[in-house]
Amino acid sequence: MVTGSDGQLGREIKKHSHKLAGCEFSFIDIDDLDLQNPSSIHDYFNSKKIDYLINCAGYTAVDKAEEEEDKALIINADALAHIIENIRGHGTRLIHISTDYVFDGKGQVPYTEDFPTHPESAYGRSKLAGEKICLSYEQGMIIRTSWLYSSHGHNFVKSILKKGREQDVLKVVDDQFGTPTFAGHLAQAILSIIHSVEQEKKQFIPGIFHYTNEGSCTWFEFATKIKSIASLPCSIVPVKSTEYILPAKRPAYSILSKEKIINYYDLHIPQWEEGLKICLDELKDLSKLISG
């Protein structure tokens, strides 16, 4: 079962789900399950036998969470507790998606899974609360990721494409470091982990793992690469974070170490530029379909 199936990652899992032979998938989103309603969660999960639950659902409005921290906590933490309450004892393996925002961004080397967390935003605090709940479940795996994007939904890539065609000059911060992660690559990694457990008899390891694409950059460098590949007519100017104030504080450094997930599950992780090219090709094809 995949929750949050209409989101960026959920859609990509659905797209690649045929690669996991012999598995029957159930994709659900807010129309099927209200995560703010405990009785709805109980009614939905009570009668179902689920081998794997991939929890892509979540409150992801980073800036709005500063005003709605209670709502973010209900969706990102409380709902997960109710889900676990209903799957516990049934052998369900839980894969829960988390974020680099659980760190304060003051590090200088890639964060390992056991590095102390210290979120500085309401969104980060709500996701960390969800992590703690997931870790209380004996079959709970957390996969932290960062700078997620795809050809669907709202994300940095689509924002730069839109603004880059509408505005002559874009200002983008150049003092925040991280790794853009193509949702399609993360989706395939998750399915690969399940395949290795089911078909290759590798052990399902509860606990925290990190997954992003390989490499790193600043938001400015990311935007510049988008401009280059998409041949945008705008100019992109680097600015400091202090010149671009947002309600939620972003980590200045959020590069994640992927050594653990590579070693445990023998994953090949593509460079971030590879994912960007795939995404931009998909968006080009989508625009052709719409204009056609």
# chains A, B, ... in the order shown; residues from 1 in each chain; ligands from 1
$ residues_around --residues "segment 173-182 of chain A" --least-positions-apart "4" --cutoff "9 Å" --atoms "only C-alpha atoms" --output "JSON, numbers by chain"
{"A": [9, 100, 105, 145, 146, 147, 148, 149, 150, 186, 187, 211, 212, 213, 214, 215, 216, 217, 218, 219, 220, 221, 222, 237, 238, 239, 240, 241, 242, 243, 244, 250, 251, 252, 253, 254, 255, 256, 272, 273, 274, 275, 276, 278, 279]}
$ residues_around --residues "Pro233 of chain A" --least-positions-apart "4" --cutoff "8 Å" --atoms "only C-alpha atoms" --output "compact mmCIF listing (two decimals) with N, CA and C atoms, in the first residue's frame"
# COMPACT_ATOMS: atom_id res chain seq x y z
N GLY A 164 11.33 31.53 -15.07
CA GLY A 164 12.39 31.80 -16.05
C GLY A 164 11.86 32.20 -17.42
N ARG A 165 10.60 31.87 -17.68
CA ARG A 165 9.97 32.28 -18.94
C ARG A 165 9.16 33.57 -18.79
N ASP A 168 12.74 38.46 -16.44
CA ASP A 168 14.07 38.63 -17.06
C ASP A 168 15.19 38.20 -16.12
N LYS A 227 18.28 26.21 -16.08
CA LYS A 227 18.30 27.23 -17.14
C LYS A 227 19.08 26.74 -18.36
$ residues_around --residues "Ile226 of chain A" --least-positions-apart "5" --cutoff "8 Å" --atoms "only C-alpha atoms" --output "NGL selection string"
:A and (157 or 160-161 or 276)
$ residues_around --residues "Ser5 of chain A" --least-positions-apart "2" --cutoff "10 Å" --atoms "only C-alpha atoms" --output "ChimeraX atom specification"
/A:1-3,7-14,26-30,54-57
$ residues_around --residues "segment 19-25 of chain A" --least-positions-apart "2" --cutoff "10 Å" --atoms "only C-alpha atoms" --output "list in words"
Met1, Val2, Ile13, Lys14, Lys15, His16, Ser17, Phe27, Ile28, Ile50, Asp51, Tyr52, Leu53, Gln188, Leu191, Ser192, Ile194, His195, Glu198 and Gln199 of chain A
$ write_last_selection --atoms "C-alpha atoms" --output "PDB file, in the first residue's frame"
ATOM      1  CA  MET A   1       0.000   0.000   0.000  1.00  0.00           C
ATOM      2  CA  VAL A   2       1.219   3.477  -0.903  1.00  0.00           C
ATOM      3  CA  ILE A  13       6.098   4.658  -7.307  1.00  0.00           C
ATOM      4  CA  LYS A  14       2.877   4.063  -9.221  1.00  0.00           C
ATOM      5  CA  LYS A  15       4.700   4.662 -12.520  1.00  0.00           C
ATOM      6  CA  HIS A  16       7.418   2.122 -11.706  1.00  0.00           C
ATOM      7  CA  SER A  17       5.325  -0.374  -9.704  1.00  0.00           C
ATOM      8  CA  PHE A  27      -2.593   3.438  -4.016  1.00  0.00           C
ATOM      9  CA  ILE A  28      -4.472   5.778  -1.687  1.00  0.00           C
ATOM     10  CA  ILE A  50      -0.692  -5.246   4.159  1.00  0.00           C
ATOM     11  CA  ASP A  51       2.791  -6.664   3.648  1.00  0.00           C
ATOM     12  CA  TYR A  52       4.447  -3.292   2.962  1.00  0.00           C
ATOM     13  CA  LEU A  53       3.180   0.190   3.698  1.00  0.00           C
ATOM     14  CA  GLN A 188      12.949   2.948  -7.904  1.00  0.00           C
ATOM     15  CA  LEU A 191      11.012  -0.751  -4.978  1.00  0.00           C
ATOM     16  CA  SER A 192      14.521  -2.170  -5.321  1.00  0.00           C
ATOM     17  CA  ILE A 194      11.445  -4.454  -1.447  1.00  0.00           C
ATOM     18  CA  HIS A 195      12.586  -6.637  -4.356  1.00  0.00           C
ATOM     19  CA  GLU A 198      11.325 -10.545  -1.261  1.00  0.00           C
ATOM     20  CA  GLN A 199      13.335 -12.070  -4.105  1.00  0.00           C
TER      21      GLN A 199
END
$ closest_residue --among "A:Leu246, A:Ile41, A:Ala223, A:Ile97" --to "Ile208 of chain A" --atoms "only C-alpha atoms"
A:Ile97
$ closest_residue --among "A:Gly58, A:Pro270, A:Gly130, A:Gly207" --to "Glu113 of chain A" --atoms "only C-alpha atoms"
A:Gly207
$ atom_distance --atom1 "atom CA of Ile133 of chain A" --atom2 "atom CA of Asp114 of chain A"
16.3 Å
$ residues_around --residues "Cys134 of chain A" --least-positions-apart "4" --cutoff "12 Å" --atoms "only C-alpha atoms" --output "PyMOL selection string"
chain A and resi 53+55+76-85+88+93-98+127-130+138-143+206-208
$ write_last_selection --atoms "N, CA and C atoms" --output "short mmCIF file (atom, residue, chain, number, x, y, z; two decimals), in the first residue's frame"
data_model
loop_
_atom_site.label_atom_id
_atom_site.label_comp_id
_atom_site.auth_asym_id
_atom_site.auth_seq_id
_atom_site.Cartn_x
_atom_site.Cartn_y
_atom_site.Cartn_z
N LEU A 53 3.85 -1.10 3.75
CA LEU A 53 3.18 0.19 3.70
C LEU A 53 4.23 1.26 3.43
N ASN A 55 4.75 4.98 3.25
CA ASN A 55 4.04 6.18 3.67
C ASN A 55 4.65 7.44 3.04
N ASN A 76 1.85 14.66 10.13
CA ASN A 76 3.19 14.06 10.02
C ASN A 76 3.58 13.17 11.19
N ALA A 77 2.84 13.24 12.29
CA ALA A 77 3.20 12.44 13.47
C ALA A 77 2.01 11.67 14.02
N ASP A 78 0.97 12.38 14.44
CA ASP A 78 -0.17 11.71 15.07
C ASP A 78 -0.80 10.66 14.16
N ALA A 79 -0.98 11.01 12.89
CA ALA A 79 -1.59 10.07 11.95
C ALA A 79 -0.76 8.81 11.82
N LEU A 80 0.57 8.97 11.83
CA LEU A 80 1.45 7.81 11.73
C LEU A 80 1.29 6.91 12.96
N ALA A 81 1.11 7.52 14.11
CA ALA A 81 0.90 6.74 15.33
C ALA A 81 -0.38 5.91 15.23
N HIS A 82 -1.43 6.51 14.68
CA HIS A 82 -2.70 5.78 14.52
C HIS A 82 -2.56 4.66 13.48
N ILE A 83 -1.80 4.93 12.41
CA ILE A 83 -1.57 3.89 11.41
C ILE A 83 -0.84 2.71 12.03
N ILE A 84 0.24 3.01 12.76
CA ILE A 84 1.03 1.95 13.39
C ILE A 84 0.18 1.15 14.38
N GLU A 85 -0.67 1.83 15.10
CA GLU A 85 -1.56 1.16 16.05
C GLU A 85 -2.42 0.10 15.36
N ARG A 88 0.17 -2.85 13.69
CA ARG A 88 1.02 -3.61 14.61
C ARG A 88 0.42 -5.00 14.87
N ARG A 93 5.52 -4.33 7.08
CA ARG A 93 6.78 -3.58 7.06
C ARG A 93 6.50 -2.15 6.59
N LEU A 94 6.91 -1.19 7.38
CA LEU A 94 6.61 0.22 7.13
C LEU A 94 7.84 0.94 6.59
N ILE A 95 7.67 1.62 5.45
CA ILE A 95 8.73 2.49 4.91
C ILE A 95 8.18 3.91 4.94
N HIS A 96 8.74 4.72 5.80
CA HIS A 96 8.24 6.08 6.05
C HIS A 96 9.23 7.11 5.49
N ILE A 97 8.74 8.09 4.77
CA ILE A 97 9.60 9.09 4.13
C ILE A 97 9.77 10.31 5.03
N SER A 98 11.02 10.70 5.25
CA SER A 98 11.31 11.89 6.06
C SER A 98 12.24 12.84 5.29
N LYS A 127 8.21 16.51 11.29
CA LYS A 127 8.78 15.32 10.66
C LYS A 127 9.63 14.53 11.65
N LEU A 128 10.35 15.22 12.52
CA LEU A 128 11.14 14.52 13.53
C LEU A 128 10.22 13.79 14.51
N ALA A 129 9.10 14.40 14.85
CA ALA A 129 8.12 13.73 15.72
C ALA A 129 7.62 12.45 15.06
N GLY A 130 7.40 12.51 13.74
CA GLY A 130 6.99 11.33 13.00
C GLY A 130 8.06 10.26 12.99
N GLU A 138 8.49 -1.89 15.50
CA GLU A 138 9.57 -2.86 15.31
C GLU A 138 9.89 -3.14 13.85
N GLN A 139 8.98 -2.81 12.94
CA GLN A 139 9.21 -3.02 11.50
C GLN A 139 9.18 -1.70 10.75
N GLY A 140 9.68 -0.64 11.40
CA GLY A 140 9.63 0.68 10.80
C GLY A 140 10.97 1.13 10.21
N MET A 141 10.97 1.44 8.91
CA MET A 141 12.15 1.98 8.24
C MET A 141 11.87 3.43 7.83
N ILE A 142 12.82 4.30 8.10
CA ILE A 142 12.72 5.71 7.71
C ILE A 142 13.71 5.97 6.59
N ILE A 143 13.26 6.62 5.53
CA ILE A 143 14.17 7.06 4.48
C ILE A 143 14.10 8.58 4.40
N PRO A 206 14.98 -2.38 9.97
CA PRO A 206 14.32 -1.20 10.53
C PRO A 206 15.36 -0.13 10.89
N GLY A 207 14.90 1.09 11.05
CA GLY A 207 15.81 2.18 11.40
C GLY A 207 15.88 3.24 10.33
N ILE A 208 16.87 4.11 10.43
CA ILE A 208 16.96 5.28 9.56
C ILE A 208 17.98 5.05 8.43
#
$ select_by_dssp --residues "segment 38-285 of chain A" --states "helix (DSSP H, G or I)" --output "PDB file with C-alpha atoms, in the first residue's frame"
ATOM      1  CA  PRO A  38      -8.228   8.765  13.738  1.00  0.00           C
ATOM      2  CA  SER A  39     -11.485   6.840  13.241  1.00  0.00           C
ATOM      3  CA  SER A  40     -11.046   7.091   9.460  1.00  0.00           C
ATOM      4  CA  ILE A  41      -7.534   5.614   9.812  1.00  0.00           C
ATOM      5  CA  HIS A  42      -8.820   2.820  12.050  1.00  0.00           C
ATOM      6  CA  ASP A  43     -11.693   1.953   9.701  1.00  0.00           C
ATOM      7  CA  TYR A  44      -9.402   1.928   6.681  1.00  0.00           C
ATOM      8  CA  PHE A  45      -6.604  -0.232   8.058  1.00  0.00           C
ATOM      9  CA  LYS A  64       2.727  27.504   5.961  1.00  0.00           C
ATOM     10  CA  ALA A  65       3.669  25.063   8.728  1.00  0.00           C
ATOM     11  CA  GLU A  66       5.033  28.015  10.706  1.00  0.00           C
ATOM     12  CA  GLU A  69       2.342  23.584  13.327  1.00  0.00           C
ATOM     13  CA  ASP A  70      -0.507  21.750  15.079  1.00  0.00           C
ATOM     14  CA  LYS A  71      -1.908  20.605  11.730  1.00  0.00           C
ATOM     15  CA  ALA A  72       1.571  19.572  10.521  1.00  0.00           C
ATOM     16  CA  LEU A  73       2.036  17.513  13.694  1.00  0.00           C
ATOM     17  CA  ILE A  74      -1.353  15.821  13.285  1.00  0.00           C
ATOM     18  CA  ILE A  75      -0.550  14.731   9.714  1.00  0.00           C
ATOM     19  CA  ASN A  76       3.187  14.064  10.018  1.00  0.00           C
ATOM     20  CA  ALA A  77       3.203  12.440  13.466  1.00  0.00           C
ATOM     21  CA  ASP A  78      -0.173  11.711  15.072  1.00  0.00           C
ATOM     22  CA  ALA A  79      -1.593  10.071  11.949  1.00  0.00           C
ATOM     23  CA  LEU A  80       1.454   7.807  11.732  1.00  0.00           C
ATOM     24  CA  ALA A  81       0.901   6.736  15.332  1.00  0.00           C
ATOM     25  CA  HIS A  82      -2.695   5.783  14.519  1.00  0.00           C
ATOM     26  CA  ILE A  83      -1.572   3.889  11.405  1.00  0.00           C
ATOM     27  CA  ILE A  84       1.030   1.947  13.391  1.00  0.00           C
ATOM     28  CA  GLU A  85      -1.562   1.163  16.053  1.00  0.00           C
ATOM     29  CA  ASN A  86      -3.661  -0.525  13.365  1.00  0.00           C
ATOM     30  CA  ILE A  87      -0.893  -2.434  11.542  1.00  0.00           C
ATOM     31  CA  ASP A 100      16.783  16.716   5.704  1.00  0.00           C
ATOM     32  CA  TYR A 101      14.887  19.423   7.641  1.00  0.00           C
ATOM     33  CA  VAL A 102      15.344  17.382  10.837  1.00  0.00           C
ATOM     34  CA  ALA A 122       7.857  23.753  12.388  1.00  0.00           C
ATOM     35  CA  TYR A 123       7.894  21.406   9.394  1.00  0.00           C
ATOM     36  CA  GLY A 124      11.182  19.870  10.549  1.00  0.00           C
ATOM     37  CA  ARG A 125       9.863  19.429  14.087  1.00  0.00           C
ATOM     38  CA  SER A 126       6.724  17.689  12.807  1.00  0.00           C
ATOM     39  CA  LYS A 127       8.776  15.320  10.660  1.00  0.00           C
ATOM     40  CA  LEU A 128      11.139  14.522  13.529  1.00  0.00           C
ATOM     41  CA  ALA A 129       8.123  13.733  15.716  1.00  0.00           C
ATOM     42  CA  GLY A 130       6.987  11.326  12.998  1.00  0.00           C
ATOM     43  CA  GLU A 131      10.414   9.710  12.908  1.00  0.00           C
ATOM     44  CA  LYS A 132      10.325   9.034  16.645  1.00  0.00           C
ATOM     45  CA  ILE A 133       6.936   7.371  16.284  1.00  0.00           C
ATOM     46  CA  CYS A 134       8.154   5.281  13.330  1.00  0.00           C
ATOM     47  CA  LEU A 135      11.193   4.124  15.322  1.00  0.00           C
ATOM     48  CA  PHE A 156      11.718  24.081  -7.396  1.00  0.00           C
ATOM     49  CA  VAL A 157      12.294  22.794 -10.936  1.00  0.00           C
ATOM     50  CA  LYS A 158       8.818  23.702 -12.155  1.00  0.00           C
ATOM     51  CA  SER A 159       8.992  27.052 -10.359  1.00  0.00           C
ATOM     52  CA  ILE A 160      12.256  27.990 -12.102  1.00  0.00           C
ATOM     53  CA  LEU A 161      10.866  26.912 -15.483  1.00  0.00           C
ATOM     54  CA  LYS A 162       7.766  29.072 -15.004  1.00  0.00           C
ATOM     55  CA  LYS A 163       9.507  32.137 -13.589  1.00  0.00           C
ATOM     56  CA  GLY A 164      12.390  31.801 -16.046  1.00  0.00           C
ATOM     57  CA  ARG A 165       9.968  32.276 -18.940  1.00  0.00           C
ATOM     58  CA  GLU A 166       8.054  35.115 -17.282  1.00  0.00           C
ATOM     59  CA  ALA A 183      11.443  11.390  -7.133  1.00  0.00           C
ATOM     60  CA  GLY A 184      11.655   8.771  -9.892  1.00  0.00           C
ATOM     61  CA  HIS A 185      15.053   7.617  -8.658  1.00  0.00           C
ATOM     62  CA  LEU A 186      13.890   7.478  -5.024  1.00  0.00           C
ATOM     63  CA  ALA A 187      10.813   5.496  -6.070  1.00  0.00           C
ATOM     64  CA  GLN A 188      12.949   2.948  -7.904  1.00  0.00           C
ATOM     65  CA  ALA A 189      15.275   2.669  -4.909  1.00  0.00           C
ATOM     66  CA  ILE A 190      12.344   1.886  -2.591  1.00  0.00           C
ATOM     67  CA  LEU A 191      11.012  -0.751  -4.978  1.00  0.00           C
ATOM     68  CA  SER A 192      14.521  -2.170  -5.321  1.00  0.00           C
ATOM     69  CA  ILE A 193      14.743  -2.555  -1.525  1.00  0.00           C
ATOM     70  CA  ILE A 194      11.445  -4.454  -1.447  1.00  0.00           C
ATOM     71  CA  HIS A 195      12.586  -6.637  -4.356  1.00  0.00           C
ATOM     72  CA  SER A 196      15.851  -7.472  -2.601  1.00  0.00           C
ATOM     73  CA  VAL A 197      13.973  -8.495   0.554  1.00  0.00           C
ATOM     74  CA  GLU A 198      11.325 -10.545  -1.261  1.00  0.00           C
ATOM     75  CA  TRP A 219      20.044  26.321  -5.091  1.00  0.00           C
ATOM     76  CA  PHE A 220      21.699  28.847  -7.430  1.00  0.00           C
ATOM     77  CA  GLU A 221      23.748  26.113  -9.106  1.00  0.00           C
ATOM     78  CA  PHE A 222      20.615  23.959  -9.378  1.00  0.00           C
ATOM     79  CA  ALA A 223      18.703  26.823 -11.010  1.00  0.00           C
ATOM     80  CA  THR A 224      21.611  27.533 -13.370  1.00  0.00           C
ATOM     81  CA  LYS A 225      21.614  23.900 -14.529  1.00  0.00           C
ATOM     82  CA  ILE A 226      17.848  24.042 -15.110  1.00  0.00           C
ATOM     83  CA  LYS A 227      18.302  27.231 -17.145  1.00  0.00           C
ATOM     84  CA  SER A 228      21.083  25.629 -19.199  1.00  0.00           C
ATOM     85  CA  ILE A 229      19.251  22.406 -20.044  1.00  0.00           C
ATOM     86  CA  ALA A 230      15.895  24.103 -20.677  1.00  0.00           C
ATOM     87  CA  SER A 241      19.817  33.816   2.298  1.00  0.00           C
ATOM     88  CA  THR A 242      19.640  37.053   4.268  1.00  0.00           C
ATOM     89  CA  GLU A 243      18.365  38.756   1.100  1.00  0.00           C
ATOM     90  CA  GLU A 259      26.859   4.989   2.575  1.00  0.00           C
ATOM     91  CA  LYS A 260      24.514   2.984   4.807  1.00  0.00           C
ATOM     92  CA  ILE A 261      21.741   2.421   2.245  1.00  0.00           C
ATOM     93  CA  ILE A 262      24.270   1.635  -0.502  1.00  0.00           C
ATOM     94  CA  ASN A 263      26.037  -0.943   1.667  1.00  0.00           C
ATOM     95  CA  TYR A 264      22.870  -2.599   2.997  1.00  0.00           C
ATOM     96  CA  TYR A 265      20.932  -2.791  -0.247  1.00  0.00           C
ATOM     97  CA  TRP A 272      21.554  14.569  -9.547  1.00  0.00           C
ATOM     98  CA  GLU A 273      22.088  15.980 -13.035  1.00  0.00           C
ATOM     99  CA  GLU A 274      20.844  12.690 -14.544  1.00  0.00           C
ATOM    100  CA  GLY A 275      17.561  12.962 -12.681  1.00  0.00           C
ATOM    101  CA  LEU A 276      17.130  16.582 -13.739  1.00  0.00           C
ATOM    102  CA  LYS A 277      17.533  15.706 -17.421  1.00  0.00           C
ATOM    103  CA  ILE A 278      14.891  12.962 -17.126  1.00  0.00           C
ATOM    104  CA  CYS A 279      12.483  15.312 -15.366  1.00  0.00           C
ATOM    105  CA  LEU A 280      12.921  18.099 -17.923  1.00  0.00           C
ATOM    106  CA  ASP A 281      12.379  15.627 -20.765  1.00  0.00           C
ATOM    107  CA  GLU A 282       9.161  14.474 -19.092  1.00  0.00           C
ATOM    108  CA  LEU A 283       7.982  18.056 -18.685  1.00  0.00           C
ATOM    109  CA  LYS A 284       8.763  18.734 -22.328  1.00  0.00           C
ATOM    110  CA  ASP A 285       6.665  15.738 -23.353  1.00  0.00           C
TER     111      ASP A 285
END
$ select_by_dssp --residues "segment 122-254 of chain A" --states "strand (DSSP E or B)" --output "short mmCIF file (atom, residue, chain, number, x, y, z; two decimals) with C-alpha atoms, in the first residue's frame"
data_model
loop_
_atom_site.label_atom_id
_atom_site.label_comp_id
_atom_site.auth_asym_id
_atom_site.auth_seq_id
_atom_site.Cartn_x
_atom_site.Cartn_y
_atom_site.Cartn_z
CA GLY A 140 9.63 0.68 10.80
CA MET A 141 12.15 1.98 8.24
CA ILE A 142 12.72 5.71 7.71
CA ILE A 143 14.17 7.06 4.48
CA ARG A 144 15.26 10.69 4.71
CA THR A 145 15.61 12.58 1.45
CA LEU A 148 12.66 16.36 -3.89
CA TYR A 149 11.20 17.18 -7.31
CA VAL A 169 16.04 38.14 -13.84
CA LEU A 170 15.73 35.50 -11.13
CA LYS A 171 17.43 35.80 -7.74
CA VAL A 172 18.36 32.44 -6.19
CA VAL A 173 20.20 31.77 -2.93
CA PHE A 177 24.03 23.39 0.06
CA GLY A 178 22.20 20.13 -0.57
CA THR A 181 16.63 14.33 -5.61
CA PHE A 182 14.53 13.12 -8.53
CA GLY A 207 15.81 2.18 11.40
CA ILE A 208 16.96 5.28 9.56
CA PHE A 209 18.47 5.43 6.05
CA HIS A 210 19.38 8.34 3.80
CA GLU A 214 24.69 11.69 -5.82
CA CYS A 217 25.10 21.97 -5.25
CA THR A 218 23.53 25.22 -4.08
CA SER A 235 19.41 35.72 -16.11
CA ILE A 236 19.96 34.04 -12.75
CA VAL A 237 21.67 36.06 -10.03
CA PRO A 238 23.13 34.55 -6.83
CA VAL A 239 22.01 36.09 -3.52
CA TYR A 253 23.90 22.57 4.74
#
$ decode --residues "segment 189-210 of chain A" --atoms "N, CA and C atoms" --output "PDB file, in the first residue's frame"
ATOM      1  N   ALA A 189      14.459   3.178  -6.010  1.00  0.00           N
ATOM      2  CA  ALA A 189      15.275   2.669  -4.909  1.00  0.00           C
ATOM      3  C   ALA A 189      14.412   1.944  -3.879  1.00  0.00           C
ATOM      4  N   ILE A 190      13.254   2.518  -3.552  1.00  0.00           N
ATOM      5  CA  ILE A 190      12.344   1.886  -2.591  1.00  0.00           C
ATOM      6  C   ILE A 190      11.861   0.540  -3.118  1.00  0.00           C
ATOM      7  N   LEU A 191      11.475   0.503  -4.380  1.00  0.00           N
ATOM      8  CA  LEU A 191      11.012  -0.751  -4.978  1.00  0.00           C
ATOM      9  C   LEU A 191      12.147  -1.772  -5.056  1.00  0.00           C
ATOM     10  N   SER A 192      13.360  -1.282  -5.284  1.00  0.00           N
ATOM     11  CA  SER A 192      14.521  -2.170  -5.321  1.00  0.00           C
ATOM     12  C   SER A 192      14.775  -2.802  -3.949  1.00  0.00           C
ATOM     13  N   ILE A 193      14.574  -2.020  -2.879  1.00  0.00           N
ATOM     14  CA  ILE A 193      14.743  -2.555  -1.525  1.00  0.00           C
ATOM     15  C   ILE A 193      13.736  -3.664  -1.266  1.00  0.00           C
ATOM     16  N   ILE A 194      12.480  -3.432  -1.641  1.00  0.00           N
ATOM     17  CA  ILE A 194      11.445  -4.454  -1.447  1.00  0.00           C
ATOM     18  C   ILE A 194      11.761  -5.701  -2.270  1.00  0.00           C
ATOM     19  N   HIS A 195      12.212  -5.496  -3.497  1.00  0.00           N
ATOM     20  CA  HIS A 195      12.586  -6.637  -4.356  1.00  0.00           C
ATOM     21  C   HIS A 195      13.715  -7.450  -3.723  1.00  0.00           C
ATOM     22  N   SER A 196      14.703  -6.757  -3.179  1.00  0.00           N
ATOM     23  CA  SER A 196      15.851  -7.472  -2.601  1.00  0.00           C
ATOM     24  C   SER A 196      15.438  -8.276  -1.363  1.00  0.00           C
ATOM     25  N   VAL A 197      14.453  -7.767  -0.619  1.00  0.00           N
ATOM     26  CA  VAL A 197      13.973  -8.495   0.554  1.00  0.00           C
ATOM     27  C   VAL A 197      13.133  -9.696   0.130  1.00  0.00           C
ATOM     28  N   GLU A 198      12.257  -9.496  -0.855  1.00  0.00           N
ATOM     29  CA  GLU A 198      11.325 -10.545  -1.261  1.00  0.00           C
ATOM     30  C   GLU A 198      11.968 -11.600  -2.167  1.00  0.00           C
ATOM     31  N   GLN A 199      12.788 -11.149  -3.106  1.00  0.00           N
ATOM     32  CA  GLN A 199      13.335 -12.070  -4.105  1.00  0.00           C
ATOM     33  C   GLN A 199      14.749 -12.546  -3.797  1.00  0.00           C
ATOM     34  N   GLU A 200      15.546 -11.674  -3.191  1.00  0.00           N
ATOM     35  CA  GLU A 200      16.937 -12.027  -2.918  1.00  0.00           C
ATOM     36  C   GLU A 200      17.155 -12.411  -1.454  1.00  0.00           C
ATOM     37  N   LYS A 201      16.056 -12.369  -0.697  1.00  0.00           N
ATOM     38  CA  LYS A 201      16.059 -12.778   0.717  1.00  0.00           C
ATOM     39  C   LYS A 201      17.037 -11.969   1.572  1.00  0.00           C
ATOM     40  N   LYS A 202      17.206 -10.689   1.209  1.00  0.00           N
ATOM     41  CA  LYS A 202      17.970  -9.810   2.091  1.00  0.00           C
ATOM     42  C   LYS A 202      17.097  -9.432   3.279  1.00  0.00           C
ATOM     43  N   GLN A 203      17.737  -9.024   4.338  1.00  0.00           N
ATOM     44  CA  GLN A 203      17.003  -8.706   5.548  1.00  0.00           C
ATOM     45  C   GLN A 203      16.393  -7.310   5.450  1.00  0.00           C
ATOM     46  N   PHE A 204      15.151  -7.172   5.888  1.00  0.00           N
ATOM     47  CA  PHE A 204      14.531  -5.855   6.008  1.00  0.00           C
ATOM     48  C   PHE A 204      15.058  -5.238   7.295  1.00  0.00           C
ATOM     49  N   ILE A 205      15.749  -4.111   7.172  1.00  0.00           N
ATOM     50  CA  ILE A 205      16.419  -3.506   8.324  1.00  0.00           C
ATOM     51  C   ILE A 205      15.624  -2.291   8.810  1.00  0.00           C
ATOM     52  N   PRO A 206      14.981  -2.378   9.969  1.00  0.00           N
ATOM     53  CA  PRO A 206      14.323  -1.203  10.533  1.00  0.00           C
ATOM     54  C   PRO A 206      15.355  -0.125  10.887  1.00  0.00           C
ATOM     55  N   GLY A 207      14.905   1.094  11.051  1.00  0.00           N
ATOM     56  CA  GLY A 207      15.815   2.180  11.404  1.00  0.00           C
ATOM     57  C   GLY A 207      15.877   3.240  10.328  1.00  0.00           C
ATOM     58  N   ILE A 208      16.872   4.112  10.428  1.00  0.00           N
ATOM     59  CA  ILE A 208      16.965   5.279   9.556  1.00  0.00           C
ATOM     60  C   ILE A 208      17.976   5.045   8.434  1.00  0.00           C
ATOM     61  N   PHE A 209      17.591   5.440   7.219  1.00  0.00           N
ATOM     62  CA  PHE A 209      18.469   5.427   6.051  1.00  0.00           C
ATOM     63  C   PHE A 209      18.356   6.774   5.340  1.00  0.00           C
ATOM     64  N   HIS A 210      19.406   7.126   4.610  1.00  0.00           N
ATOM     65  CA  HIS A 210      19.382   8.338   3.795  1.00  0.00           C
ATOM     66  C   HIS A 210      19.413   7.975   2.317  1.00  0.00           C
TER      67      HIS A 210
END
